[in-house]
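Chemist: Okay, here's the structure, questions in a sec.
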Amino acid sequence: GMAAAVGRDGLLRGRCGTPGYVAPEILKAGVQQGYGSNVDMFSAGAVVYSLLCGYEPFYGANDQDLIIANKDAVCEFHVPEWDDVSDDAKDFVRRMLDPNPNTRLSPARALKHPWLTRAMAAAQWSDTPTGGLAAGAYLPGVQVIYDSDDDMEGSPEVDRSRMKQRQEKAGSAPPTEEGTGCVVC
């Protein structure tokens, strides 16, 4: 990742970021123009988009086209990848990928979004002092597929039998030798 010093005016300066994930205001900023920390919410939205459908939110035939698409930040939900994704999840992603930093979800508003609050309400919380998710907790609508059993080695919280049951219930094939990547739907 990159780190930057915040100016006295509370703004960041400089143009850095990964094409396809960087906030449009960074790409549009002039040398002396600043931007706020809400750029991170845009990048997080691009990551969530990728996790939900398996591909990046913006596409270009080359780097220049990708940067133009990233600047425009038109968020589309293509079929069939988005057919089974809830409207709440789509709304969450759409609001995080809002090209306007003033109306984009803030971290506080994101945590109060219905997609997250419903998932958290349904989650199995542990009695640990930190109040984290219980080991092996199941979040409805989230499915994780691992490349191989090697990816799960050393992870005591992963219950292989529960994972296999979830895969069968969802109708997804078990991981192959070649691997299927890590897919969250």
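Going by the structure tokens order, chains are called A, B, ..., each with residues numbered from 1, while ligands are numbered from 1 in the order shown.
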What are the DSSP helix (DSSP H, G or I) residues of range 3-102 of chain A, as a ChimeraX atom specification?

Modeler: /A:24-28,39-53,63-72,87-96

Chemist: So that I can check the surroundings of Lys71 in chain A, please list as a PyMOL selection string every protein, DNA and RNA residue that reaches within 7 Å of it, counting only C-alpha atoms and ignoring chain neighbours fewer than 2 positions away.

Modeler: chain A and resi 24+27+67-69+73

Chemist: Let me make sure I understand: among A:Ala5, A:Val74, A:Val22, A:Ala89, which one has the smallest atom-to-atom distance to Gly34 in chain A if we use only C-alpha atoms?

Modeler: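 Of A:Ala5, A:Val74, A:Val22, A:Ala89, the one nearest Gly34 in chain A is A:Ala5, counting only C-alpha atoms.
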
Chemist: Do a neighbour search on Asn100 in chain A at 12 Å with only C-alpha atoms, toss out local chain neighbours closer than 4 positions, and write the hits as an mmCIF file with C-alpha atoms, in the first residue's frame.

Modeler:
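Printed below is around-v2.cif as written:
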data_model
loop_
_atom_site.group_PDB
_atom_site.id
_atom_site.type_symbol
_atom_site.label_atom_id
_atom_site.label_comp_id
_atom_site.auth_asym_id
_atom_site.auth_seq_id
_atom_site.Cartn_x
_atom_site.Cartn_y
_atom_site.Cartn_z
ATOM 1 C CA ALA A 23 -10.909 6.889 -6.726
ATOM 2 C CA PRO A 24 -11.773 9.138 -9.695
ATOM 3 C CA GLU A 25 -10.876 12.305 -7.783
ATOM 4 C CA ILE A 26 -7.275 11.106 -7.531
ATOM 5 C CA LYS A 28 -8.714 13.929 -11.960
ATOM 6 C CA TYR A 35 -8.657 15.091 -1.961
ATOM 7 C CA GLY A 36 -10.089 13.592 1.211
ATOM 8 C CA ASN A 38 -12.926 9.021 1.442
ATOM 9 C CA VAL A 39 -10.878 7.820 -1.546
ATOM 10 C CA MET A 41 -14.027 3.897 0.480
ATOM 11 C CA PHE A 42 -14.035 3.939 -3.318
ATOM 12 C CA LYS A 71 -12.411 8.088 -13.996
ATOM 13 C CA ASP A 72 -15.986 7.789 -15.277
ATOM 14 C CA ALA A 73 -16.778 5.237 -12.540
ATOM 15 C CA VAL A 74 -19.886 3.839 -14.220
ATOM 16 C CA ARG A 94 -23.017 1.327 -5.912
ATOM 17 C CA ARG A 95 -22.794 3.787 -3.002
ATOM 18 C CA MET A 96 -19.149 2.933 -2.314
ATOM 19 C CA ARG A 104 -20.015 8.393 -1.391
ATOM 20 C CA LEU A 105 -20.550 6.215 1.685
ATOM 21 C CA SER A 106 -18.358 7.201 4.604
#

Chemist: Between A:Leu111, A:Cys75, A:Cys16, A:Ala119, which is the closest to Ser50 in chain A once you count only C-alpha atoms?

Modeler: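 Among the listed residues, A:Cys75 lies closest to Ser50 in chain A.
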
Chemist: CA of Pro107 in chain A and CA of Gly45 in chain A are how many Å apart?

Modeler: 11.1 Å

Chemist: So the first atom is CA of His113 in chain A and the second is CA of Phe92 in chain A; what is the distance between them in Å, to one decimal place?

Modeler: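 CA of His113 in chain A sits 6.9 Å away from CA of Phe92 in chain A.
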
Chemist: Give me, please, the distance in Å between CA of Leu11 in chain A and CA of Gln33 in chain A, quoted to one decimal.

Modeler: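 Interatomic distance here is 8.7 Å.
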
Chemist: I'd like the neighbourhood of Asp83 in chain A as a ChimeraX atom specification, where a residue qualifies if any of its atoms comes within 12 Å (using only C-alpha atoms), though same-chain residues fewer than 4 positions away should be ignored.

Modeler: /A:52-53,77-79,87,89-90,185

Chemist: Would you write out those residues with C-alpha atoms, as a short mmCIF file (atom, residue, chain, number, x, y, z; two decimals), in the first residue's frame?

Modeler:
data_model
loop_
_atom_site.label_atom_id
_atom_site.label_comp_id
_atom_site.auth_asym_id
_atom_site.auth_seq_id
_atom_site.Cartn_x
_atom_site.Cartn_y
_atom_site.Cartn_z
CA LEU A 52 -19.01 -10.48 -5.23
CA CYS A 53 -18.75 -11.16 -8.95
CA PHE A 77 -24.03 -5.19 -12.61
CA HIS A 78 -23.77 -7.70 -15.47
CA VAL A 79 -25.75 -10.93 -15.72
CA ASP A 87 -30.27 -5.67 -3.99
CA ALA A 89 -25.34 -5.74 -1.71
CA LYS A 90 -25.64 -3.99 -5.07
CA CYS A 185 -20.70 -14.67 -3.49
#
